[in-house]
>>> print(open('data.txt').read())   # compact mmCIF, C-alpha atoms and all ligand atoms
# COMPACT_ATOMS: atom_id res chain seq x y z
CA MET A 179 -17.81 8.97 -75.04
CA ILE A 180 -18.79 5.30 -74.74
CA LYS A 181 -20.24 4.39 -71.38
CA ILE A 182 -19.72 0.75 -70.38
CA VAL A 183 -21.00 -1.05 -67.32
CA THR A 184 -18.52 -3.68 -66.09
CA ILE A 185 -19.84 -6.54 -63.98
CA ILE A 186 -17.55 -8.20 -61.46
CA GLY A 187 -18.39 -10.48 -58.58
CA ALA A 188 -16.05 -13.41 -58.06
CA ARG A 189 -12.32 -13.17 -57.23
CA PRO A 190 -10.94 -13.93 -60.72
CA GLN A 191 -13.25 -11.37 -62.32
CA ILE A 192 -12.03 -8.61 -60.07
CA ILE A 193 -8.47 -9.49 -61.11
CA LYS A 194 -9.37 -9.71 -64.83
CA ALA A 195 -11.19 -6.37 -64.73
CA ALA A 196 -8.02 -4.71 -63.44
CA ALA A 197 -6.43 -5.08 -66.90
CA LEU A 198 -9.22 -3.26 -68.74
CA SER A 199 -9.62 -0.57 -66.07
CA ARG A 200 -5.87 0.07 -66.30
CA ALA A 201 -5.98 0.35 -70.10
CA ILE A 202 -8.95 2.73 -69.93
CA LYS A 203 -7.23 4.90 -67.32
CA ASN A 204 -3.88 5.00 -69.13
CA ARG A 205 -4.92 5.24 -72.79
CA PHE A 206 -8.64 5.47 -73.43
CA SER A 207 -10.10 7.77 -70.79
CA ASN A 208 -11.15 10.24 -73.48
CA SER A 209 -13.26 7.63 -75.26
CA ILE A 210 -14.51 5.14 -72.65
CA SER A 211 -16.08 5.77 -69.26
CA GLU A 212 -16.52 2.76 -67.01
CA ILE A 213 -19.16 2.15 -64.36
CA ILE A 214 -18.18 -0.81 -62.14
CA VAL A 215 -20.87 -3.01 -60.61
CA HIS A 216 -19.80 -5.54 -57.96
CA THR A 217 -22.48 -8.17 -57.56
CA GLY A 218 -21.15 -9.15 -54.13
CA GLN A 219 -20.88 -12.82 -55.15
CA HIS A 220 -17.57 -12.87 -53.28
CA TYR A 221 -17.48 -10.71 -50.18
CA ASP A 222 -14.82 -11.85 -47.70
CA GLU A 223 -12.06 -9.27 -47.37
CA ASN A 224 -9.52 -11.72 -48.79
CA MET A 225 -11.80 -12.73 -51.70
CA SER A 226 -12.67 -9.19 -52.80
CA GLN A 227 -11.45 -5.96 -51.17
CA VAL A 228 -7.81 -7.03 -51.09
CA PHE A 229 -7.72 -6.97 -54.90
CA PHE A 230 -9.09 -3.44 -55.18
CA ASP A 231 -6.48 -2.20 -52.73
CA GLU A 232 -3.60 -3.99 -54.39
CA LEU A 233 -4.34 -3.77 -58.10
CA GLY A 234 -5.48 -0.16 -58.23
CA ILE A 235 -8.99 -1.00 -59.42
CA PRO A 236 -11.46 1.88 -59.02
CA ALA A 237 -13.96 1.33 -56.21
CA PRO A 238 -17.22 -0.11 -57.55
CA ASN A 239 -19.91 2.48 -58.33
CA TYR A 240 -22.50 -0.05 -57.16
CA ASN A 241 -22.42 -3.11 -54.92
CA LEU A 242 -25.44 -5.39 -55.08
CA ASN A 243 -24.31 -7.29 -51.95
CA THR A 244 -25.84 -10.47 -53.35
CA GLY A 245 -23.78 -12.89 -51.26
CA SER A 246 -23.94 -16.68 -51.42
CA GLY A 247 -26.94 -18.84 -52.29
CA THR A 248 -28.24 -21.51 -54.61
CA HIS A 249 -27.58 -20.92 -58.31
CA GLY A 250 -31.16 -19.81 -58.93
CA LYS A 251 -31.51 -17.48 -55.98
CA GLN A 252 -28.08 -15.95 -56.39
CA THR A 253 -28.42 -15.41 -60.14
CA ALA A 254 -31.97 -14.10 -59.92
CA SER A 255 -31.05 -11.53 -57.32
CA MET A 256 -28.15 -10.34 -59.45
CA ILE A 257 -30.29 -10.14 -62.61
CA SER A 258 -32.78 -7.82 -61.01
CA GLY A 259 -30.07 -5.65 -59.45
CA ILE A 260 -28.12 -5.36 -62.70
CA GLU A 261 -31.26 -4.62 -64.73
CA GLU A 262 -32.12 -1.72 -62.43
CA ILE A 263 -28.65 -0.22 -62.83
CA LEU A 264 -28.68 -0.65 -66.62
CA LEU A 265 -32.03 1.12 -66.86
CA GLN A 266 -30.69 3.95 -64.74
CA GLU A 267 -27.25 4.30 -66.37
CA ILE A 268 -28.27 3.58 -69.99
CA PRO A 269 -24.78 2.41 -71.03
CA GLN A 270 -23.75 1.64 -74.61
CA ALA A 271 -22.56 -1.85 -73.59
CA ILE A 272 -22.04 -4.20 -70.68
CA VAL A 273 -18.67 -5.91 -70.17
CA LEU A 274 -18.71 -9.42 -68.71
CA TYR A 275 -15.81 -11.64 -67.70
CA GLY A 276 -15.48 -15.39 -67.67
CA ASP A 277 -18.14 -17.82 -66.62
CA THR A 278 -19.50 -17.23 -63.13
CA ASN A 279 -23.07 -16.68 -62.02
CA SER A 280 -22.30 -12.94 -62.09
CA THR A 281 -21.44 -13.31 -65.81
CA LEU A 282 -24.68 -15.14 -66.53
CA ALA A 283 -26.75 -12.61 -64.60
CA GLY A 284 -25.20 -9.75 -66.55
CA ALA A 285 -25.82 -11.53 -69.86
CA ILE A 286 -29.50 -12.15 -69.12
CA ALA A 287 -30.19 -8.70 -67.68
CA ALA A 288 -28.49 -6.83 -70.53
CA SER A 289 -29.60 -8.91 -73.50
CA LYS A 290 -33.29 -8.70 -72.53
CA ILE A 291 -33.22 -4.92 -72.56
CA HIS A 292 -30.99 -4.74 -75.64
CA VAL A 293 -27.79 -3.53 -74.06
CA PRO A 294 -24.96 -4.97 -76.22
CA VAL A 295 -22.93 -7.63 -74.39
CA ILE A 296 -19.13 -7.70 -74.59
CA HIS A 297 -17.79 -11.04 -73.36
CA ILE A 298 -14.16 -11.25 -72.35
CA GLU A 299 -12.89 -14.84 -72.16
CA ALA A 300 -15.40 -16.03 -74.73
CA GLY A 301 -15.33 -19.40 -76.48
CA LEU A 302 -13.75 -21.47 -73.74
CA ARG A 303 -15.38 -24.87 -73.41
CA SER A 304 -14.92 -27.90 -71.19
CA PHE A 305 -17.63 -29.82 -73.07
CA ASN A 306 -18.90 -30.83 -69.64
CA LYS A 307 -22.30 -29.37 -68.80
CA SER A 308 -22.22 -30.73 -65.27
CA MET A 309 -19.96 -27.72 -64.61
CA PRO A 310 -22.06 -24.65 -63.78
CA GLU A 311 -19.44 -22.54 -65.54
CA GLU A 312 -19.94 -24.35 -68.87
CA ILE A 313 -23.62 -23.40 -68.87
CA ASN A 314 -22.83 -19.81 -67.90
CA ARG A 315 -20.26 -19.33 -70.65
CA ILE A 316 -22.35 -20.89 -73.42
CA MET A 317 -25.38 -18.79 -72.50
CA CYS A 318 -23.33 -15.61 -72.28
CA ASP A 319 -21.54 -16.19 -75.61
CA HIS A 320 -24.81 -16.73 -77.45
CA VAL A 321 -26.27 -13.34 -76.50
CA SER A 322 -23.04 -11.39 -76.98
CA THR A 323 -22.22 -8.78 -79.60
CA LEU A 324 -18.41 -8.65 -79.24
CA LEU A 325 -16.73 -11.89 -78.15
CA PHE A 326 -13.05 -11.83 -77.16
CA SER A 327 -11.50 -15.27 -76.99
CA PRO A 328 -8.13 -15.56 -75.25
CA THR A 329 -7.04 -18.57 -77.33
CA LYS A 330 -7.15 -19.93 -80.85
CA THR A 331 -9.03 -22.94 -79.53
CA GLY A 332 -11.68 -20.70 -77.97
CA PHE A 333 -12.08 -18.83 -81.24
CA GLN A 334 -12.45 -22.13 -83.12
CA ASN A 335 -15.03 -23.36 -80.58
CA LEU A 336 -17.14 -20.31 -81.43
CA VAL A 337 -16.81 -20.99 -85.15
CA ASN A 338 -17.86 -24.60 -84.50
CA GLU A 339 -20.96 -23.32 -82.68
CA GLY A 340 -22.00 -21.30 -85.72
CA PHE A 341 -20.42 -17.91 -85.13
CA ASN A 342 -19.37 -16.33 -88.42
CA PRO A 343 -15.66 -15.43 -88.31
CA LYS A 344 -16.19 -13.04 -91.24
CA SER A 345 -19.17 -11.08 -89.98
CA SER A 346 -19.12 -7.39 -90.83
CA LYS A 347 -20.36 -4.16 -89.23
CA PRO A 348 -22.75 -3.16 -87.80
CA TYR A 349 -22.45 -5.80 -85.09
CA GLY A 350 -25.25 -6.83 -82.77
CA ALA A 351 -26.58 -9.82 -80.87
CA ASP A 352 -27.80 -11.29 -84.18
CA ASN A 353 -24.59 -10.45 -86.03
CA PRO A 354 -21.83 -10.81 -83.45
CA LYS A 355 -18.11 -10.27 -83.98
CA ILE A 356 -15.63 -12.83 -82.68
CA TYR A 357 -11.96 -12.12 -81.95
CA HIS A 358 -8.86 -13.98 -80.87
CA SER A 359 -7.59 -11.27 -78.54
CA GLY A 360 -5.11 -12.90 -76.16
CA ASP A 361 -5.64 -13.21 -72.44
CA VAL A 362 -6.15 -10.25 -70.10
CA MET A 363 -4.78 -12.46 -67.29
CA TYR A 364 -1.50 -12.63 -69.21
CA ASP A 365 -1.52 -8.81 -69.34
CA ASN A 366 -1.88 -8.81 -65.55
CA SER A 367 0.79 -11.42 -64.92
CA LEU A 368 3.32 -9.37 -66.91
CA HIS A 369 2.21 -6.09 -65.37
CA PHE A 370 2.32 -7.23 -61.75
CA SER A 371 5.28 -9.63 -61.92
CA ASP A 372 7.93 -7.17 -60.70
CA LEU A 373 5.66 -5.66 -58.07
CA ALA A 374 5.09 -9.17 -56.68
CA GLU A 375 8.79 -9.34 -55.76
CA LYS A 376 7.90 -7.05 -52.87
CA LYS A 377 5.43 -9.62 -51.56
CA THR A 378 7.81 -12.52 -51.03
CA ALA A 379 7.28 -12.26 -47.26
CA VAL A 380 4.49 -14.79 -47.82
CA ILE A 381 7.25 -17.32 -48.54
CA SER A 382 9.28 -16.68 -45.39
CA LYS A 383 6.18 -16.23 -43.23
CA ASN A 384 5.08 -19.75 -44.16
CA LYS A 385 8.61 -21.12 -43.69
CA LEU A 386 8.90 -22.22 -47.31
CA GLU A 387 12.10 -22.80 -49.20
CA LYS A 388 12.20 -21.13 -52.63
CA GLY A 389 11.93 -23.69 -55.43
CA ARG A 390 11.08 -26.48 -52.99
CA PHE A 391 7.37 -26.31 -52.30
CA ILE A 392 4.13 -27.30 -53.97
CA LEU A 393 1.54 -24.55 -54.47
CA ALA A 394 -1.96 -26.02 -54.48
CA THR A 395 -5.48 -24.62 -54.79
CA ILE A 396 -8.79 -26.53 -54.72
CA HIS A 397 -12.25 -24.99 -55.03
CA ARG A 398 -14.16 -26.56 -57.96
CA ASN A 399 -17.61 -27.60 -56.79
CA ASN A 400 -17.31 -31.23 -57.90
CA ASN A 401 -14.03 -31.55 -55.96
CA THR A 402 -15.30 -29.94 -52.78
CA ASP A 403 -18.80 -31.42 -52.72
CA GLU A 404 -17.99 -35.04 -53.53
CA PRO A 405 -16.24 -36.67 -50.53
CA ILE A 406 -14.58 -39.39 -52.64
CA ARG A 407 -12.95 -36.79 -54.85
CA LEU A 408 -11.99 -34.47 -52.00
CA ASN A 409 -10.37 -37.34 -50.10
CA ALA A 410 -8.45 -38.53 -53.17
CA LEU A 411 -7.07 -35.02 -53.74
CA PHE A 412 -5.98 -34.43 -50.16
CA SER A 413 -4.62 -37.94 -49.81
CA ALA A 414 -2.49 -37.52 -52.95
CA LEU A 415 -1.12 -34.16 -51.77
CA TYR A 416 -0.38 -35.60 -48.32
CA LYS A 417 1.39 -38.67 -49.71
CA ILE A 418 3.51 -36.60 -52.09
CA SER A 419 4.53 -34.20 -49.34
CA GLU A 420 5.49 -37.06 -47.00
CA GLN A 421 7.30 -39.12 -49.62
CA HIS A 422 9.33 -36.20 -50.97
CA GLN A 423 9.60 -34.28 -47.68
CA LEU A 424 8.22 -31.32 -49.59
CA ASP A 425 6.02 -28.54 -48.25
CA VAL A 426 2.54 -28.10 -49.70
CA LEU A 427 1.06 -24.61 -49.40
CA LEU A 428 -2.68 -24.54 -49.88
CA PRO A 429 -4.31 -21.08 -49.73
CA LEU A 430 -7.80 -22.36 -49.21
CA HIS A 431 -10.95 -21.01 -50.87
CA PRO A 432 -13.71 -20.50 -48.26
CA ARG A 433 -15.94 -23.01 -50.05
CA THR A 434 -13.36 -25.76 -49.53
CA ALA A 435 -12.54 -24.63 -46.00
CA LYS A 436 -16.19 -25.04 -45.04
CA LEU A 437 -16.60 -28.44 -46.71
CA LEU A 438 -13.38 -29.97 -45.35
CA GLU A 439 -15.07 -30.31 -41.99
CA TYR A 440 -17.86 -32.45 -43.45
CA ASN A 441 -16.33 -34.23 -46.41
CA LEU A 442 -12.75 -35.05 -45.46
CA ASP A 443 -12.04 -38.36 -43.77
CA GLN A 444 -11.36 -37.67 -40.05
CA GLU A 445 -8.17 -39.71 -39.93
CA LEU A 446 -6.70 -38.01 -43.01
CA HIS A 447 -7.73 -34.62 -41.66
CA GLN A 448 -5.89 -35.31 -38.40
CA LYS A 449 -2.77 -36.45 -40.26
CA ILE A 450 -2.81 -33.27 -42.34
CA LYS A 451 -3.31 -31.09 -39.28
CA GLY A 452 -0.34 -32.82 -37.62
CA SER A 453 1.93 -32.64 -40.67
CA LYS A 454 4.81 -30.19 -40.63
CA HIS A 455 4.78 -30.12 -44.43
CA PHE A 456 1.09 -29.54 -45.16
CA LYS A 457 0.28 -25.86 -44.73
CA ILE A 458 -3.31 -24.71 -45.14
CA ILE A 459 -3.67 -20.94 -45.06
CA GLN A 460 -6.31 -18.29 -45.80
CA PRO A 461 -6.59 -17.06 -49.42
CA VAL A 462 -3.70 -14.77 -50.28
CA SER A 463 -3.62 -11.52 -52.25
CA PHE A 464 -2.93 -11.55 -56.00
CA LEU A 465 0.60 -10.21 -55.62
CA GLU A 466 1.32 -12.81 -52.95
CA MET A 467 -0.10 -15.46 -55.24
CA ILE A 468 2.22 -14.38 -58.03
CA ALA A 469 5.16 -14.45 -55.61
CA LEU A 470 4.21 -18.02 -54.69
CA GLU A 471 3.74 -19.06 -58.32
CA LYS A 472 7.14 -17.65 -59.27
CA ASN A 473 8.93 -19.40 -56.43
CA CYS A 474 7.25 -22.80 -56.13
CA LYS A 475 8.46 -26.08 -57.60
CA ILE A 476 5.16 -27.09 -59.13
CA VAL A 477 1.51 -26.01 -59.11
CA MET A 478 -1.33 -28.46 -58.42
CA THR A 479 -4.74 -26.90 -58.94
CA ASP A 480 -8.31 -27.13 -60.18
CA SER A 481 -8.40 -23.36 -60.83
CA GLY A 482 -8.61 -22.03 -64.36
CA GLY A 483 -6.63 -18.88 -63.61
CA VAL A 484 -3.94 -20.58 -61.55
CA GLN A 485 -3.28 -23.19 -64.29
CA LYS A 486 -2.37 -20.43 -66.67
CA GLU A 487 -0.39 -18.37 -64.21
CA ALA A 488 1.74 -21.47 -63.51
CA PHE A 489 2.50 -21.49 -67.23
CA TYR A 490 3.19 -17.74 -67.36
CA PHE A 491 5.78 -18.18 -64.61
CA GLU A 492 7.16 -21.31 -66.29
CA LYS A 493 6.08 -23.85 -63.69
CA PRO A 494 4.65 -27.28 -64.46
CA CYS A 495 1.06 -27.87 -63.42
CA VAL A 496 -1.02 -30.85 -62.36
CA ILE A 497 -4.64 -30.12 -63.30
CA LEU A 498 -6.96 -31.61 -60.69
CA ARG A 499 -9.94 -31.78 -63.01
CA PRO A 500 -11.32 -34.22 -65.60
CA GLU A 501 -10.65 -31.74 -68.42
CA THR A 502 -9.47 -28.21 -69.08
CA GLU A 503 -10.57 -25.35 -71.27
CA TRP A 504 -6.90 -24.35 -71.56
CA VAL A 505 -5.97 -27.33 -73.73
CA GLU A 506 -2.75 -25.70 -75.01
CA LEU A 507 -1.15 -26.15 -71.58
CA VAL A 508 -1.52 -29.90 -71.89
CA GLU A 509 -0.68 -30.05 -75.60
CA CYS A 510 2.68 -28.38 -75.06
CA GLY A 511 3.56 -30.71 -72.19
CA ALA A 512 3.60 -28.15 -69.37
CA ALA A 513 0.53 -29.58 -67.63
CA ILE A 514 -1.03 -32.98 -67.02
CA ILE A 515 -4.72 -33.63 -66.35
CA THR A 516 -5.23 -36.12 -63.54
CA ASP A 517 -8.83 -35.59 -62.46
CA ALA A 518 -9.29 -36.43 -58.76
CA ASN A 519 -7.45 -39.73 -59.19
CA GLU A 520 -4.92 -40.29 -56.42
CA GLN A 521 -2.49 -42.46 -58.36
CA LYS A 522 -2.65 -40.27 -61.48
CA ILE A 523 -1.85 -37.22 -59.35
CA ILE A 524 1.15 -38.93 -57.76
CA ASP A 525 2.39 -40.13 -61.18
CA ALA A 526 1.89 -36.71 -62.79
CA PHE A 527 3.88 -35.05 -60.00
CA SER A 528 6.77 -37.46 -60.62
CA ALA A 529 6.59 -37.07 -64.39
CA LEU A 530 6.53 -33.27 -64.33
CA THR A 531 9.19 -32.80 -61.66
CA SER A 532 11.62 -35.15 -63.39
CA LYS A 533 11.08 -33.70 -66.86
CA SER A 534 13.80 -31.46 -68.30
CA GLY A 535 13.66 -28.92 -71.13
CA MET A 536 10.00 -28.05 -70.60
CA LYS A 537 8.73 -25.46 -73.09
CA PHE A 538 6.50 -22.48 -72.28
CA PRO A 539 5.72 -20.90 -75.67
CA LYS A 540 3.89 -17.57 -75.94
CA LEU A 541 0.34 -18.83 -76.43
CA TYR A 542 -1.76 -16.17 -74.77
CA GLY A 543 -1.06 -12.95 -76.64
CA ASP A 544 1.43 -10.12 -76.28
CA GLY A 545 0.39 -8.73 -72.89
CA LYS A 546 -1.76 -6.06 -74.55
CA ALA A 547 -5.07 -7.87 -74.85
CA ALA A 548 -6.89 -5.22 -72.79
CA GLU A 549 -5.70 -2.42 -75.06
CA PHE A 550 -6.77 -4.36 -78.13
CA ILE A 551 -10.20 -4.93 -76.59
CA CYS A 552 -10.62 -1.23 -75.75
CA GLY A 553 -9.70 -0.32 -79.34
CA GLU A 554 -12.34 -2.67 -80.72
CA ILE A 555 -14.97 -1.36 -78.29
CA ILE A 556 -14.31 2.18 -79.53
CA GLU A 557 -14.44 1.01 -83.13
CA ASN A 558 -17.60 -1.05 -82.89
CA ILE A 559 -19.86 0.18 -80.10
CA HIS A 560 -21.87 3.30 -80.82
CA SER A 561 -21.08 6.16 -78.51
CA ASN A 562 -23.88 8.19 -76.88
CA THR A 563 -23.08 11.13 -79.14
CA ASN A 564 -23.88 9.45 -82.46
C1 LIG B 601 -17.30 -19.16 -58.10
C2 LIG B 601 -17.56 -19.46 -59.58
C3 LIG B 601 -16.40 -20.26 -60.14
C4 LIG B 601 -15.09 -19.55 -59.90
C5 LIG B 601 -14.94 -19.20 -58.43
C6 LIG B 601 -13.71 -18.36 -58.25
C7 LIG B 601 -19.95 -19.77 -60.11
C8 LIG B 601 -21.00 -20.76 -60.41
N1 LIG B 601 -18.76 -20.30 -59.71
O1 LIG B 601 -17.24 -20.39 -57.41
O2 LIG B 601 -16.57 -20.41 -61.53
O3 LIG B 601 -14.04 -20.39 -60.29
O4 LIG B 601 -16.08 -18.45 -57.99
O5 LIG B 601 -13.23 -18.37 -56.97
O6 LIG B 601 -20.16 -18.59 -60.22
N2 LIG B 601 -17.85 -18.08 -49.80
C9 LIG B 601 -17.44 -17.41 -48.68
N3 LIG B 601 -16.98 -16.13 -48.84
C10 LIG B 601 -16.91 -15.50 -50.03
C11 LIG B 601 -17.34 -16.19 -51.17
C12 LIG B 601 -17.81 -17.49 -51.05
O7 LIG B 601 -17.48 -17.93 -47.59
O8 LIG B 601 -16.46 -14.34 -50.08
C13 LIG B 601 -18.32 -19.49 -49.65
C14 LIG B 601 -19.82 -19.59 -49.37
O9 LIG B 601 -20.00 -20.66 -48.51
C15 LIG B 601 -20.37 -19.93 -50.73
C16 LIG B 601 -19.27 -20.77 -51.33
O10 LIG B 601 -18.07 -20.19 -50.87
O11 LIG B 601 -21.60 -20.63 -50.65
C17 LIG B 601 -19.28 -20.78 -52.86
O12 LIG B 601 -19.25 -19.45 -53.38
P1 LIG B 601 -19.84 -19.14 -54.85
O13 LIG B 601 -19.52 -17.76 -55.20
O14 LIG B 601 -21.24 -19.58 -54.94
O15 LIG B 601 -19.05 -20.14 -55.78
P2 LIG B 601 -17.49 -20.43 -55.86
O16 LIG B 601 -17.27 -21.84 -55.47
O17 LIG B 601 -16.73 -19.38 -55.17
N1 LIG B 602 -5.77 -16.14 -56.41
C1 LIG B 602 -5.41 -15.25 -55.42
N2 LIG B 602 -5.31 -15.72 -54.13
C2 LIG B 602 -5.55 -17.02 -53.81
C3 LIG B 602 -5.93 -17.92 -54.83
C4 LIG B 602 -6.05 -17.43 -56.13
O1 LIG B 602 -5.17 -14.08 -55.69
O2 LIG B 602 -5.45 -17.36 -52.63
C5 LIG B 602 -5.90 -15.63 -57.80
C6 LIG B 602 -5.08 -16.39 -58.80
O3 LIG B 602 -3.76 -15.88 -58.84
C7 LIG B 602 -5.85 -16.17 -60.08
C8 LIG B 602 -7.29 -16.11 -59.61
O4 LIG B 602 -7.24 -15.84 -58.21
O5 LIG B 602 -5.51 -14.94 -60.67
C9 LIG B 602 -7.96 -17.43 -59.85
O6 LIG B 602 -9.18 -17.44 -59.18
P1 LIG B 602 -9.91 -18.78 -58.75
O7 LIG B 602 -8.94 -19.89 -58.66
O8 LIG B 602 -10.69 -18.46 -57.55
O9 LIG B 602 -10.97 -18.99 -59.94
P2 LIG B 602 -10.91 -19.59 -61.42
O10 LIG B 602 -9.77 -18.97 -62.12
O11 LIG B 602 -10.78 -21.07 -61.29
O12 LIG B 602 -12.24 -19.23 -61.95
>>> encode(input="data.txt", output="structure tokens", more="lines below")
Ligand code: UD1
Ligand code: UDP
Amino acid sequence: MIKIVTIIGARPQIIKAAALSRAIKNRFSNSISEIIVHTGQHYDENMSQVFFDELGIPAPNYNLNTGSGTHGKQTASMISGIEEILLQEIPQAIVLYGDTNSTLAGAIAASKIHVPVIHIEAGLRSFNKSMPEEINRIMCDHVSTLLFSPTKTGFQNLVNEGFNPKSSKPYGADNPKIYHSGDVMYDNSLHFSDLAEKKTAVISKNKLEKGRFILATIHRNNNTDEPIRLNALFSALYKISEQHQLDVLLPLHPRTAKLLEYNLDQELHQKIKGSKHFKIIQPVSFLEMIALEKNCKIVMTDSGGVQKEAFYFEKPCVILRPETEWVELVECGAAIITDANEQKIIDAFSALTSKSGMKFPKLYGDGKAAEFICGEIIENIHSNTN
């Protein structure tokens, strides 16, 4: 039996971990046992517990209850909590997802005490180190033993950084193995798509017309913390909704909700509050989010996960960031990068909503990335019996 410790903490990691936990439960329970550690980075009911209830994820074995804080304080507290658990559990590997501070903490804690690191969503790069996530993912990749990249581009980024695509067993931190595995989020989108049909009440509850609303999310730190950017984003969304008489549904991340009060221009804020088209709501559950993605006209987002889900459900996407790690979305014409530039956002909306024959090729695997990853873990991580 291979014992793994899985670290989750932020909303998208809880969702990603559902795919691997499901694969372990359904196919690999004789070979892999999973201990789940929630760092407590996200803690509101609608940022954490809702996903466990809905996606059938086992309750965490440990919760570090770290909560919010500066990067240093938050990460340091998680490192010491994770280290303690690793020393107690003595797992054969740690599994880390994505690029949050919880990922970085897991990578530092495990690598220092020689627990092999398995990084899921490896190799993604924005080439922008002002993003905290870019630092987290680079650091995590470079102490990992098994690196699973969801895309060809991610795999190539690792090769460009010196990873040997032809390394051979036995693998370790000094001789890592890199894979192009497909995306566990694609596994989830396929798996939960039908179930999400039962959650369409979120559409009627918010008085939305199917196919005639914009689904927006905004939470990236540079967008929320810089008033000029935040105002440009909200102003663009407001103008589009007014000009096209189109509803905008914005399930708002708590970070953005808090900063709106300080960083959004008062006059614009009042206009948005008075608008019958601009609907700001609390974060929704994953199944509700899928229902919204499947039924909207277009997605406008700075989220990594939501960009891809738009693509999975064949919706165009305006990317409210200066760059994306998911470059394929832009290359195939399904998404446009606008940064927080008001006019570019308005133009991209027009371009994408008037475009016909948009293509959504299968770029992110076959929906079985989690099973592939489990197979490779069994093949390449030593169990506690040998
Ligand atoms: C984090 C990740 C980001 C990811 C995002 C997913 C890092 C550096 N960033 O950003 O990569 O895209 O999660 O959503 O790890 N807050 C609450 N309740 C919560 C959680 C957060 O109110 O349950 C508020 C707090 O004011 C907190 C702020 O949101 O200070 C930011 O939370 P934090 O986890 O530090 O970063 P995110 O912006 O959520
Ligand atoms: N999501 C959700 N409810 C929401 C907003 C997002 O369930 O109100 C899901 C979304 O479907 C995707 C994931 O959260 O699976 C993306 O997380 P987020 O945007 O917070 O982080 P990122 O992907 O940018 O790291």
>>> residues_near_ligand(input="data.txt", ligand="ligand LIG 602 (chain B)", cutoff="9 Å", atoms="all atoms listed in the file", output="mmCIF file with C-alpha atoms, in the frame of the given file")
data_model
loop_
_atom_site.group_PDB
_atom_site.id
_atom_site.type_symbol
_atom_site.label_atom_id
_atom_site.label_comp_id
_atom_site.auth_asym_id
_atom_site.auth_seq_id
_atom_site.Cartn_x
_atom_site.Cartn_y
_atom_site.Cartn_z
ATOM 1 C CA ALA A 188 -16.050 -13.410 -58.060
ATOM 2 C CA ARG A 189 -12.320 -13.170 -57.230
ATOM 3 C CA PRO A 190 -10.940 -13.930 -60.720
ATOM 4 C CA GLN A 191 -13.250 -11.370 -62.320
ATOM 5 C CA ILE A 192 -12.030 -8.610 -60.070
ATOM 6 C CA ILE A 193 -8.470 -9.490 -61.110
ATOM 7 C CA LYS A 194 -9.370 -9.710 -64.830
ATOM 8 C CA ASN A 224 -9.520 -11.720 -48.790
ATOM 9 C CA MET A 225 -11.800 -12.730 -51.700
ATOM 10 C CA VAL A 228 -7.810 -7.030 -51.090
ATOM 11 C CA PHE A 229 -7.720 -6.970 -54.900
ATOM 12 C CA GLY A 276 -15.480 -15.390 -67.670
ATOM 13 C CA ASP A 277 -18.140 -17.820 -66.620
ATOM 14 C CA THR A 278 -19.500 -17.230 -63.130
ATOM 15 C CA GLU A 311 -19.440 -22.540 -65.540
ATOM 16 C CA MET A 363 -4.780 -12.460 -67.290
ATOM 17 C CA ASN A 366 -1.880 -8.810 -65.550
ATOM 18 C CA SER A 367 0.790 -11.420 -64.920
ATOM 19 C CA THR A 395 -5.480 -24.620 -54.790
ATOM 20 C CA ILE A 396 -8.790 -26.530 -54.720
ATOM 21 C CA HIS A 397 -12.250 -24.990 -55.030
ATOM 22 C CA ARG A 398 -14.160 -26.560 -57.960
ATOM 23 C CA LEU A 428 -2.680 -24.540 -49.880
ATOM 24 C CA PRO A 429 -4.310 -21.080 -49.730
ATOM 25 C CA LEU A 430 -7.800 -22.360 -49.210
ATOM 26 C CA HIS A 431 -10.950 -21.010 -50.870
ATOM 27 C CA ILE A 459 -3.670 -20.940 -45.060
ATOM 28 C CA GLN A 460 -6.310 -18.290 -45.800
ATOM 29 C CA PRO A 461 -6.590 -17.060 -49.420
ATOM 30 C CA VAL A 462 -3.700 -14.770 -50.280
ATOM 31 C CA SER A 463 -3.620 -11.520 -52.250
ATOM 32 C CA PHE A 464 -2.930 -11.550 -56.000
ATOM 33 C CA LEU A 465 0.600 -10.210 -55.620
ATOM 34 C CA GLU A 466 1.320 -12.810 -52.950
ATOM 35 C CA MET A 467 -0.100 -15.460 -55.240
ATOM 36 C CA ILE A 468 2.220 -14.380 -58.030
ATOM 37 C CA GLU A 471 3.740 -19.060 -58.320
ATOM 38 C CA THR A 479 -4.740 -26.900 -58.940
ATOM 39 C CA ASP A 480 -8.310 -27.130 -60.180
ATOM 40 C CA SER A 481 -8.400 -23.360 -60.830
ATOM 41 C CA GLY A 482 -8.610 -22.030 -64.360
ATOM 42 C CA GLY A 483 -6.630 -18.880 -63.610
ATOM 43 C CA VAL A 484 -3.940 -20.580 -61.550
ATOM 44 C CA GLN A 485 -3.280 -23.190 -64.290
ATOM 45 C CA LYS A 486 -2.370 -20.430 -66.670
ATOM 46 C CA GLU A 487 -0.390 -18.370 -64.210
#
>>> atom_distance(input="data.txt", atom1="atom CA of A:Lys383", atom2="atom CA of A:Lys472")
16.1 Å
>>> closest_residue(input="data.txt", among="A:Leu386, A:Gly259, A:Glu404, A:Pro432", to="ligand LIG 601 (chain B)", atoms="only C-alpha atoms and all ligand atoms")
A:Pro432
>>> closest_residue(input="data.txt", among="A:Gln444, A:Thr217, A:Asn239, A:Ser289", to="ligand LIG 601 (chain B)", atoms="all atoms listed in the file")
A:Thr217
>>> atom_distance(input="data.txt", atom1="atom CA of A:Arg205", atom2="atom CA of A:Ala285")
27.0 Å
>>> closest_residue(input="data.txt", among="A:Lys436, A:His358, A:Arg390, A:His320", to="ligand LIG 601 (chain B)", atoms="all atoms listed in the file")
A:Lys436
